[in-house]
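Content type mmCIF, C-alpha atoms and all ligand atoms, from the file work35.cif:
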data_work
loop_
_atom_site.group_PDB
_atom_site.id
_atom_site.type_symbol
_atom_site.label_atom_id
_atom_site.label_comp_id
_atom_site.auth_asym_id
_atom_site.auth_seq_id
_atom_site.Cartn_x
_atom_site.Cartn_y
_atom_site.Cartn_z
ATOM 1 C CA MET Y 1 114.222 107.553 111.438
ATOM 2 C CA LEU Y 2 111.037 107.665 109.376
ATOM 3 C CA LEU Y 3 110.861 103.923 108.775
ATOM 4 C CA GLU Y 4 112.377 101.011 110.659
ATOM 5 C CA LEU Y 5 112.020 97.353 109.808
ATOM 6 C CA ASN Y 6 113.251 95.043 112.549
ATOM 7 C CA HIS Y 7 113.722 91.358 111.728
ATOM 8 C CA ILE Y 8 110.743 91.141 109.393
ATOM 9 C CA GLU Y 9 109.646 87.707 108.310
ATOM 10 C CA LYS Y 10 106.789 86.861 105.947
ATOM 11 C CA LYS Y 11 105.318 83.438 105.253
ATOM 12 C CA PHE Y 12 102.462 82.499 102.967
ATOM 13 C CA ASP Y 13 100.525 79.260 102.918
ATOM 14 C CA HIS Y 14 101.683 77.155 100.011
ATOM 15 C CA PRO Y 15 99.132 77.227 97.148
ATOM 16 C CA SER Y 16 98.929 73.400 97.339
ATOM 17 C CA GLY Y 17 97.518 73.824 100.836
ATOM 18 C CA GLU Y 18 100.495 72.038 102.329
ATOM 19 C CA GLY Y 19 103.289 73.841 104.152
ATOM 20 C CA GLU Y 20 104.396 77.434 103.887
ATOM 21 C CA ILE Y 21 106.604 79.588 101.686
ATOM 22 C CA LEU Y 22 109.066 81.821 103.518
ATOM 23 C CA VAL Y 23 109.244 84.924 101.296
ATOM 24 C CA LEU Y 24 111.035 87.360 103.626
ATOM 25 C CA LYS Y 25 113.602 86.265 106.206
ATOM 26 C CA ASP Y 26 114.926 88.521 108.898
ATOM 27 C CA ILE Y 27 114.740 91.805 106.960
ATOM 28 C CA CYS Y 28 116.167 94.873 108.704
ATOM 29 C CA LEU Y 29 116.072 98.335 107.141
ATOM 30 C CA GLU Y 30 116.242 101.928 108.331
ATOM 31 C CA VAL Y 31 115.108 104.773 106.102
ATOM 32 C CA PRO Y 32 115.705 108.330 107.329
ATOM 33 C CA LYS Y 33 113.339 111.116 106.384
ATOM 34 C CA GLY Y 34 114.022 112.483 102.904
ATOM 35 C CA GLU Y 35 115.984 109.511 101.601
ATOM 36 C CA ALA Y 36 115.250 107.934 98.209
ATOM 37 C CA VAL Y 37 115.696 104.166 98.288
ATOM 38 C CA ALA Y 38 115.514 101.534 95.555
ATOM 39 C CA VAL Y 39 114.752 97.865 96.178
ATOM 40 C CA ILE Y 40 115.777 95.635 93.303
ATOM 41 C CA GLY Y 41 115.510 91.873 92.935
ATOM 42 C CA PRO Y 42 114.297 89.182 90.577
ATOM 43 C CA SER Y 43 110.636 88.563 89.893
ATOM 44 C CA GLY Y 44 109.050 86.628 92.739
ATOM 45 C CA SER Y 45 111.744 87.665 95.240
ATOM 46 C CA GLY Y 46 109.200 89.364 97.515
ATOM 47 C CA LYS Y 47 109.547 93.023 96.511
ATOM 48 C CA SER Y 48 105.806 93.695 96.388
ATOM 49 C CA THR Y 49 105.314 91.739 99.597
ATOM 50 C CA LEU Y 50 107.905 93.941 101.307
ATOM 51 C CA LEU Y 51 106.380 97.153 99.958
ATOM 52 C CA ASN Y 52 102.891 96.065 101.054
ATOM 53 C CA ILE Y 53 104.213 95.467 104.574
ATOM 54 C CA ILE Y 54 105.895 98.888 104.644
ATOM 55 C CA GLY Y 55 102.652 100.477 103.403
ATOM 56 C CA ALA Y 56 100.580 98.698 106.075
ATOM 57 C CA LEU Y 57 98.598 96.928 103.344
ATOM 58 C CA ASP Y 58 99.806 93.606 104.746
ATOM 59 C CA SER Y 59 101.355 92.594 108.063
ATOM 60 C CA PRO Y 60 104.550 90.638 108.707
ATOM 61 C CA SER Y 61 104.486 87.078 110.109
ATOM 62 C CA ALA Y 62 107.156 88.206 112.592
ATOM 63 C CA GLY Y 63 109.148 91.338 113.313
ATOM 64 C CA LEU Y 64 108.394 94.981 113.811
ATOM 65 C CA VAL Y 65 107.541 97.832 111.426
ATOM 66 C CA LYS Y 66 107.930 101.316 112.874
ATOM 67 C CA PHE Y 67 106.710 104.348 110.977
ATOM 68 C CA GLY Y 68 107.465 107.737 112.488
ATOM 69 C CA GLY Y 69 108.516 105.908 115.667
ATOM 70 C CA LYS Y 70 105.162 104.096 115.996
ATOM 71 C CA ASP Y 71 104.870 100.311 115.912
ATOM 72 C CA LEU Y 72 102.287 99.648 113.166
ATOM 73 C CA ALA Y 73 101.171 96.422 114.859
ATOM 74 C CA GLY Y 74 100.010 98.475 117.828
ATOM 75 C CA LEU Y 75 97.628 100.610 115.770
ATOM 76 C CA GLY Y 76 93.947 100.007 115.077
ATOM 77 C CA ASN Y 77 92.335 100.023 111.645
ATOM 78 C CA ILE Y 78 91.266 103.657 111.831
ATOM 79 C CA GLU Y 79 94.760 104.855 112.723
ATOM 80 C CA LEU Y 80 96.268 102.632 110.029
ATOM 81 C CA SER Y 81 93.998 103.984 107.312
ATOM 82 C CA GLU Y 82 94.700 107.510 108.516
ATOM 83 C CA ILE Y 83 98.447 106.817 108.104
ATOM 84 C CA ARG Y 84 97.945 105.192 104.692
ATOM 85 C CA ASN Y 85 95.713 107.985 103.404
ATOM 86 C CA ARG Y 86 97.447 110.967 104.894
ATOM 87 C CA GLN Y 87 101.108 110.085 105.358
ATOM 88 C CA MET Y 88 101.729 107.663 102.515
ATOM 89 C CA GLY Y 89 101.321 107.886 98.765
ATOM 90 C CA PHE Y 90 101.222 104.849 96.480
ATOM 91 C CA VAL Y 91 102.245 104.446 92.845
ATOM 92 C CA PHE Y 92 101.715 101.070 91.162
ATOM 93 C CA GLN Y 93 102.872 99.515 87.903
ATOM 94 C CA LEU Y 94 99.470 100.152 86.394
ATOM 95 C CA HIS Y 95 98.154 103.597 87.134
ATOM 96 C CA HIS Y 96 94.695 102.561 88.464
ATOM 97 C CA LEU Y 97 93.201 105.878 87.371
ATOM 98 C CA LEU Y 98 89.406 105.966 87.274
ATOM 99 C CA PRO Y 99 88.450 106.032 83.581
ATOM 100 C CA GLN Y 100 85.273 108.058 84.093
ATOM 101 C CA CYS Y 101 87.068 110.867 85.987
ATOM 102 C CA THR Y 102 89.219 113.618 84.479
ATOM 103 C CA VAL Y 103 92.906 114.007 85.253
ATOM 104 C CA LEU Y 104 92.157 116.718 87.818
ATOM 105 C CA GLU Y 105 89.369 114.680 89.445
ATOM 106 C CA ASN Y 106 91.583 111.587 89.655
ATOM 107 C CA VAL Y 107 94.301 113.568 91.413
ATOM 108 C CA LEU Y 108 91.795 114.991 93.907
ATOM 109 C CA ILE Y 109 90.290 111.615 94.935
ATOM 110 C CA PRO Y 110 92.717 111.015 97.849
ATOM 111 C CA THR Y 111 91.786 114.436 99.280
ATOM 112 C CA ILE Y 112 88.080 113.551 99.608
ATOM 113 C CA PRO Y 113 88.350 112.033 103.134
ATOM 114 C CA PHE Y 114 89.961 115.283 104.310
ATOM 115 C CA SER Y 115 87.764 117.738 102.425
ATOM 116 C CA LYS Y 116 86.101 118.834 105.684
ATOM 117 C CA ASP Y 117 89.440 119.918 107.164
ATOM 118 C CA GLN Y 118 90.695 122.044 104.317
ATOM 119 C CA LYS Y 119 89.454 125.006 102.412
ATOM 120 C CA LYS Y 120 87.842 124.000 99.166
ATOM 121 C CA GLY Y 121 90.141 125.260 96.485
ATOM 122 C CA ASP Y 122 93.359 124.564 98.421
ATOM 123 C CA ALA Y 123 93.567 120.957 97.246
ATOM 124 C CA GLU Y 124 92.617 121.993 93.750
ATOM 125 C CA ALA Y 125 95.316 124.664 93.658
ATOM 126 C CA ARG Y 126 97.875 122.131 94.874
ATOM 127 C CA ALA Y 127 96.709 119.617 92.253
ATOM 128 C CA LYS Y 128 97.006 122.145 89.454
ATOM 129 C CA ASN Y 129 100.436 123.218 90.651
ATOM 130 C CA LEU Y 130 101.733 119.621 90.743
ATOM 131 C CA LEU Y 131 100.162 118.768 87.374
ATOM 132 C CA GLU Y 132 101.936 121.793 85.954
ATOM 133 C CA LYS Y 133 105.265 120.611 87.428
ATOM 134 C CA VAL Y 134 104.891 117.272 85.641
ATOM 135 C CA GLY Y 135 103.969 118.995 82.375
ATOM 136 C CA LEU Y 136 100.283 118.090 82.313
ATOM 137 C CA GLU Y 137 98.745 121.554 82.633
ATOM 138 C CA ALA Y 138 97.088 121.180 79.236
ATOM 139 C CA HIS Y 139 95.435 117.887 80.220
ATOM 140 C CA LEU Y 140 93.465 118.781 83.384
ATOM 141 C CA GLU Y 141 90.102 118.062 81.791
ATOM 142 C CA HIS Y 142 91.204 115.042 79.767
ATOM 143 C CA PHE Y 143 90.201 111.479 80.611
ATOM 144 C CA PRO Y 144 92.847 108.768 81.209
ATOM 145 C CA ALA Y 145 92.073 107.076 77.877
ATOM 146 C CA GLN Y 146 93.140 110.286 76.124
ATOM 147 C CA LEU Y 147 96.659 110.129 77.633
ATOM 148 C CA SER Y 148 99.809 108.162 76.796
ATOM 149 C CA GLY Y 149 101.151 105.537 79.233
ATOM 150 C CA GLY Y 150 103.835 107.917 80.496
ATOM 151 C CA GLU Y 151 101.289 110.700 81.029
ATOM 152 C CA MET Y 152 98.996 108.362 82.970
ATOM 153 C CA GLN Y 153 101.878 107.372 85.258
ATOM 154 C CA ARG Y 154 102.662 111.077 85.813
ATOM 155 C CA VAL Y 155 99.051 111.584 86.899
ATOM 156 C CA ALA Y 156 99.438 108.600 89.260
ATOM 157 C CA VAL Y 157 102.591 110.208 90.739
ATOM 158 C CA VAL Y 158 100.767 113.505 91.316
ATOM 159 C CA ARG Y 159 97.851 111.615 92.916
ATOM 160 C CA ALA Y 160 100.350 109.935 95.278
ATOM 161 C CA LEU Y 161 101.744 113.353 96.283
ATOM 162 C CA ILE Y 162 98.511 115.298 96.620
ATOM 163 C CA ASN Y 163 98.106 114.834 100.391
ATOM 164 C CA GLN Y 164 101.738 115.833 100.966
ATOM 165 C CA PRO Y 165 102.705 112.389 102.303
ATOM 166 C CA LEU Y 166 105.833 111.696 104.350
ATOM 167 C CA LEU Y 167 106.506 108.518 102.389
ATOM 168 C CA VAL Y 168 105.917 107.625 98.737
ATOM 169 C CA LEU Y 169 105.919 103.924 97.854
ATOM 170 C CA ALA Y 170 106.235 102.973 94.208
ATOM 171 C CA ASP Y 171 105.963 99.363 92.979
ATOM 172 C CA GLU Y 172 107.521 98.974 89.506
ATOM 173 C CA PRO Y 173 106.310 102.475 88.554
ATOM 174 C CA THR Y 174 108.039 102.311 85.161
ATOM 175 C CA GLY Y 175 107.229 98.656 84.519
ATOM 176 C CA SER Y 176 104.577 99.365 81.897
ATOM 177 C CA LEU Y 177 106.502 102.112 80.068
ATOM 178 C CA ASP Y 178 108.873 102.220 77.111
ATOM 179 C CA ARG Y 179 112.491 103.113 77.742
ATOM 180 C CA GLU Y 180 112.190 106.837 77.123
ATOM 181 C CA SER Y 181 109.058 107.388 79.253
ATOM 182 C CA SER Y 182 110.572 105.152 81.868
ATOM 183 C CA GLU Y 183 113.668 107.324 82.210
ATOM 184 C CA ALA Y 184 111.585 110.493 82.319
ATOM 185 C CA LEU Y 185 109.298 109.105 85.024
ATOM 186 C CA GLY Y 186 112.250 107.908 87.104
ATOM 187 C CA GLN Y 187 113.846 111.346 86.964
ATOM 188 C CA LEU Y 188 110.520 112.954 87.853
ATOM 189 C CA LEU Y 189 110.125 110.758 90.940
ATOM 190 C CA VAL Y 190 113.619 111.718 92.090
ATOM 191 C CA ASP Y 191 113.146 115.435 91.410
ATOM 192 C CA LEU Y 192 109.807 115.507 93.237
ATOM 193 C CA ASN Y 193 111.281 113.560 96.159
ATOM 194 C CA LYS Y 194 113.899 116.283 96.653
ATOM 195 C CA GLU Y 195 111.604 119.201 95.943
ATOM 196 C CA GLN Y 196 108.602 118.047 98.003
ATOM 197 C CA GLU Y 197 110.899 116.726 100.784
ATOM 198 C CA THR Y 198 109.217 113.341 100.834
ATOM 199 C CA THR Y 199 110.860 109.984 101.458
ATOM 200 C CA LEU Y 200 110.737 107.582 98.533
ATOM 201 C CA ILE Y 201 110.922 103.801 98.293
ATOM 202 C CA VAL Y 202 110.871 102.422 94.765
ATOM 203 C CA VAL Y 203 110.699 98.747 93.911
ATOM 204 C CA THR Y 204 112.055 98.164 90.448
ATOM 205 C CA HIS Y 205 113.906 95.731 88.301
ATOM 206 C CA SER Y 206 115.373 98.636 86.342
ATOM 207 C CA LEU Y 207 118.984 99.231 87.352
ATOM 208 C CA GLU Y 208 118.868 102.558 85.518
ATOM 209 C CA LEU Y 209 116.054 103.754 87.745
ATOM 210 C CA ALA Y 210 117.709 102.333 90.865
ATOM 211 C CA ARG Y 211 120.916 104.251 90.123
ATOM 212 C CA LEU Y 212 119.063 107.568 90.290
ATOM 213 C CA LEU Y 213 118.231 106.989 93.960
ATOM 214 C CA ASP Y 214 120.328 107.601 97.089
ATOM 215 C CA LYS Y 215 120.617 103.952 98.157
ATOM 216 C CA VAL Y 216 120.033 100.612 96.481
ATOM 217 C CA TYR Y 217 119.111 97.389 98.285
ATOM 218 C CA LYS Y 218 118.839 93.991 96.686
ATOM 219 C CA LEU Y 219 116.264 91.434 97.746
ATOM 220 C CA GLN Y 220 117.313 87.880 97.009
ATOM 221 C CA ASP Y 221 116.457 84.548 98.615
ATOM 222 C CA GLY Y 222 114.414 86.397 101.206
ATOM 223 C CA SER Y 223 117.261 88.620 102.418
ATOM 224 C CA LEU Y 224 117.871 92.307 101.859
ATOM 225 C CA GLU Y 225 121.413 93.566 101.267
ATOM 226 C CA LYS Y 226 122.754 97.008 100.496
ATOM 227 C CA VAL Y 227 124.296 97.134 97.014
HETATM 228 N N1 LIG Y 301 98.969 86.379 99.014
HETATM 229 C C1 LIG Y 301 99.882 85.443 98.690
HETATM 230 N N2 LIG Y 301 99.679 84.125 98.973
HETATM 231 C C2 LIG Y 301 100.605 83.194 98.660
HETATM 232 N N3 LIG Y 301 101.793 83.476 98.093
HETATM 233 C C3 LIG Y 301 102.058 84.757 97.791
HETATM 234 C C4 LIG Y 301 101.120 85.810 98.072
HETATM 235 N N4 LIG Y 301 101.665 86.989 97.665
HETATM 236 C C5 LIG Y 301 102.878 86.690 97.151
HETATM 237 N N5 LIG Y 301 103.108 85.357 97.227
HETATM 238 C C6 LIG Y 301 104.341 84.654 96.798
HETATM 239 O O1 LIG Y 301 105.450 85.332 97.385
HETATM 240 C C7 LIG Y 301 106.542 85.407 96.483
HETATM 241 C C8 LIG Y 301 106.956 86.857 96.287
HETATM 242 O O2 LIG Y 301 105.940 87.563 95.593
HETATM 243 P P1 LIG Y 301 106.040 89.125 95.275
HETATM 244 O O3 LIG Y 301 106.226 89.851 96.551
HETATM 245 O O4 LIG Y 301 104.849 89.478 94.472
HETATM 246 O O5 LIG Y 301 107.392 89.182 94.416
HETATM 247 P P2 LIG Y 301 107.943 90.345 93.457
HETATM 248 O O6 LIG Y 301 107.131 91.585 93.674
HETATM 249 O O7 LIG Y 301 109.390 90.504 93.827
HETATM 250 O O8 LIG Y 301 107.829 89.821 92.057
HETATM 251 C C9 LIG Y 301 106.077 84.717 95.212
HETATM 252 O O9 LIG Y 301 106.538 83.395 95.259
HETATM 253 C C10 LIG Y 301 104.575 84.759 95.314
HETATM 254 O O10 LIG Y 301 103.995 83.696 94.616
HETATM 255 MG MG MG Y 302 105.963 92.718 92.413
#
Is it possible to express this structure as structure tokens?
Amino acid sequence: MLLELNHIEKKFDHPSGEGEILVLKDICLEVPKGEAVAVIGPSGSGKSTLLNIIGALDSPSAGLVKFGGKDLAGLGNIELSEIRNRQMGFVFQLHHLLPQCTVLENVLIPTIPFSKDQKKGDAEARAKNLLEKVGLEAHLEHFPAQLSGGEMQRVAVVRALINQPLLVLADEPTGSLDRESSEALGQLLVDLNKEQETTLIVVTHSLELARLLDKVYKLQDGSLEKV
């Protein structure tokens, strides 16, 4: 099992300063290597909170997260950032590309911490190959502002894949796109998941996107159920 969530609970302090909000209650989930999973649910149901916990960007109030058999709570900050940088790739609703860097430079940013360990040129060749797969070979030297919304999200997907992660986490990746670009991006995520043999977890409120994936879970009232 690549990912195991055991009885995850997440509470936040209430914004009023009094009491707590229980966002996730007793969530259990197992995701085998290679699977593509969708998590759907209404706005405010805790989807981003859950994804942040899976991606070790936040920790649960109770329960256990195991990634590759390792309990994340038992790892130090250096090991956690190593896992986040090397074994996970993130795609967000807004692409978060750096405006002053070209498409190719943006895609190569996650490889910088590992540039000592790999031959210069290897990462660049991989970047160009992936950018070609997503149809952006003509845009390597363009800046984000010169691209459409759908193209920027494709760059963000390639950036998430550049370190050959085991797990790709996408939070509303099509949320900022029109219907047509949204469908194309969803299909691209699925195709790359199969081709690159990664595991994919997509949070979305698009049922169309969710249907493209192997399994769909619904988050509602703090509980996760298979649909
Ligand atoms: N850091 C935080 N502090 C307090 N409350 C939070 C925090 N993050 C999220 N929440 C609350 O948790 C609930 C779920 O939020 P979120 O995970 O962003 O939902 P979704 O992604 O499904 O829209 C919301 O009620 C939100 O206000
Ligand atoms: Mg969210």
In Å to one decimal, how far is atom CA of Pro15 of chain Y from atom CA of Leu50 of chain Y?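 It comes out at 19.3 Å.
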Please, which residues are within 6 Å of (106.1, 87.1, 111.0) by the file's coordinates, counting all atoms listed in the file, and could they come as a ChimeraX atom specification? /Y:9-10,60-63
Residue by residue, what does the PyMOL selection byres (((chain Y and resi 69-81) around 12) and not hetatm) grab here? Present the result as an mmCIF file with C-alpha atoms, in the coordinates of the input.
data_model
loop_
_atom_site.group_PDB
_atom_site.id
_atom_site.type_symbol
_atom_site.label_atom_id
_atom_site.label_comp_id
_atom_site.auth_asym_id
_atom_site.auth_seq_id
_atom_site.Cartn_x
_atom_site.Cartn_y
_atom_site.Cartn_z
ATOM 1 C CA MET Y 1 114.222 107.553 111.438
ATOM 2 C CA LEU Y 2 111.037 107.665 109.376
ATOM 3 C CA LEU Y 3 110.861 103.923 108.775
ATOM 4 C CA GLU Y 4 112.377 101.011 110.659
ATOM 5 C CA LEU Y 5 112.020 97.353 109.808
ATOM 6 C CA ASN Y 6 113.251 95.043 112.549
ATOM 7 C CA GLU Y 30 116.242 101.928 108.331
ATOM 8 C CA VAL Y 31 115.108 104.773 106.102
ATOM 9 C CA PRO Y 32 115.705 108.330 107.329
ATOM 10 C CA LYS Y 33 113.339 111.116 106.384
ATOM 11 C CA ILE Y 53 104.213 95.467 104.574
ATOM 12 C CA ILE Y 54 105.895 98.888 104.644
ATOM 13 C CA GLY Y 55 102.652 100.477 103.403
ATOM 14 C CA ALA Y 56 100.580 98.698 106.075
ATOM 15 C CA LEU Y 57 98.598 96.928 103.344
ATOM 16 C CA ASP Y 58 99.806 93.606 104.746
ATOM 17 C CA SER Y 59 101.355 92.594 108.063
ATOM 18 C CA PRO Y 60 104.550 90.638 108.707
ATOM 19 C CA SER Y 61 104.486 87.078 110.109
ATOM 20 C CA ALA Y 62 107.156 88.206 112.592
ATOM 21 C CA GLY Y 63 109.148 91.338 113.313
ATOM 22 C CA LEU Y 64 108.394 94.981 113.811
ATOM 23 C CA VAL Y 65 107.541 97.832 111.426
ATOM 24 C CA LYS Y 66 107.930 101.316 112.874
ATOM 25 C CA PHE Y 67 106.710 104.348 110.977
ATOM 26 C CA GLY Y 68 107.465 107.737 112.488
ATOM 27 C CA GLU Y 82 94.700 107.510 108.516
ATOM 28 C CA ILE Y 83 98.447 106.817 108.104
ATOM 29 C CA ARG Y 84 97.945 105.192 104.692
ATOM 30 C CA ASN Y 85 95.713 107.985 103.404
ATOM 31 C CA ARG Y 86 97.447 110.967 104.894
ATOM 32 C CA GLN Y 87 101.108 110.085 105.358
ATOM 33 C CA MET Y 88 101.729 107.663 102.515
ATOM 34 C CA GLY Y 89 101.321 107.886 98.765
ATOM 35 C CA PRO Y 110 92.717 111.015 97.849
ATOM 36 C CA PRO Y 113 88.350 112.033 103.134
#
Near Val103 of chain Y, counting all atoms listed in the file, which residues have an atom at most 8 Å away, once you skip same-chain residues fewer than 5 positions from it, shown as a ChimeraX atom specification? /Y:139-144,155
Record the distance separating atom CA of His95 of chain Y and atom CA of Leu131 of chain Y, expressed in Å with one decimal.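 Interatomic distance here is 15.3 Å.
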In Å, how far is it from atom CA of Lys133 of chain Y to atom CA of Ala210 of chain Y?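 Atom-to-atom, atom CA of Lys133 of chain Y to atom CA of Ala210 of chain Y, that is 22.4 Å.
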I need the residue nearest ligand LIG 301 (chain Y) from this list: Y:Ser206, Y:Thr49, Y:Gln164, Y:Gln146. Use all atoms listed in the file for the distance.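 The closest residue to ligand LIG 301 (chain Y) is Y:Thr49.
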Expansion of the PyMOL selection byres (((not hetatm)) within 9 of (chain Y and resi 301)) into residues, as a VMD selection string: chain Y and resid 10 to 15 20 to 24 40 to 52 171 to 172 203 to 205 219 to 220 222
Rank Y:Leu207, Y:Pro173, Y:Asn193, Y:Lys128 by their smallest atom-to-atom distance to ligand MG 302 (chain Y), using all atoms listed in the file, and report the top residue only.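 Among the listed residues, Y:Pro173 lies closest to ligand MG 302 (chain Y).
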Please tell me which residues are no farther than 10 Å from (102.2, 119.4, 89.3) in the file, counting all atoms listed in the file, and write them as a PDB file with C-alpha atoms, in the coordinates of the input.
ATOM      1  CA  ALA Y 125      95.316 124.664  93.658  1.00  0.00           C
ATOM      2  CA  ARG Y 126      97.875 122.131  94.874  1.00  0.00           C
ATOM      3  CA  ALA Y 127      96.709 119.617  92.253  1.00  0.00           C
ATOM      4  CA  LYS Y 128      97.006 122.145  89.454  1.00  0.00           C
ATOM      5  CA  ASN Y 129     100.436 123.218  90.651  1.00  0.00           C
ATOM      6  CA  LEU Y 130     101.733 119.621  90.743  1.00  0.00           C
ATOM      7  CA  LEU Y 131     100.162 118.768  87.374  1.00  0.00           C
ATOM      8  CA  GLU Y 132     101.936 121.793  85.954  1.00  0.00           C
ATOM      9  CA  LYS Y 133     105.265 120.611  87.428  1.00  0.00           C
ATOM     10  CA  VAL Y 134     104.891 117.272  85.641  1.00  0.00           C
ATOM     11  CA  GLY Y 135     103.969 118.995  82.375  1.00  0.00           C
ATOM     12  CA  LEU Y 136     100.283 118.090  82.313  1.00  0.00           C
ATOM     13  CA  GLU Y 137      98.745 121.554  82.633  1.00  0.00           C
ATOM     14  CA  ARG Y 154     102.662 111.077  85.813  1.00  0.00           C
ATOM     15  CA  VAL Y 155      99.051 111.584  86.899  1.00  0.00           C
ATOM     16  CA  VAL Y 157     102.591 110.208  90.739  1.00  0.00           C
ATOM     17  CA  VAL Y 158     100.767 113.505  91.316  1.00  0.00           C
ATOM     18  CA  ARG Y 159      97.851 111.615  92.916  1.00  0.00           C
ATOM     19  CA  LEU Y 161     101.744 113.353  96.283  1.00  0.00           C
ATOM     20  CA  ILE Y 162      98.511 115.298  96.620  1.00  0.00           C
ATOM     21  CA  LEU Y 192     109.807 115.507  93.237  1.00  0.00           C
TER      22      LEU Y 192
END
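Comparing Y:Ala170, Y:Ala184, Y:Val107, Y:Met152 by their smallest distance to ligand MG 302 (chain Y), the closest is Y:Ala170 (using only C-alpha atoms and all ligand atoms).
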Which of Y:Ser182, Y:Leu29, Y:His7, Y:Phe90 sits closest to Lys226 of chain Y [using only C-alpha atoms]: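 Distance minimum relative to Lys226 of chain Y lands on Y:Leu29.
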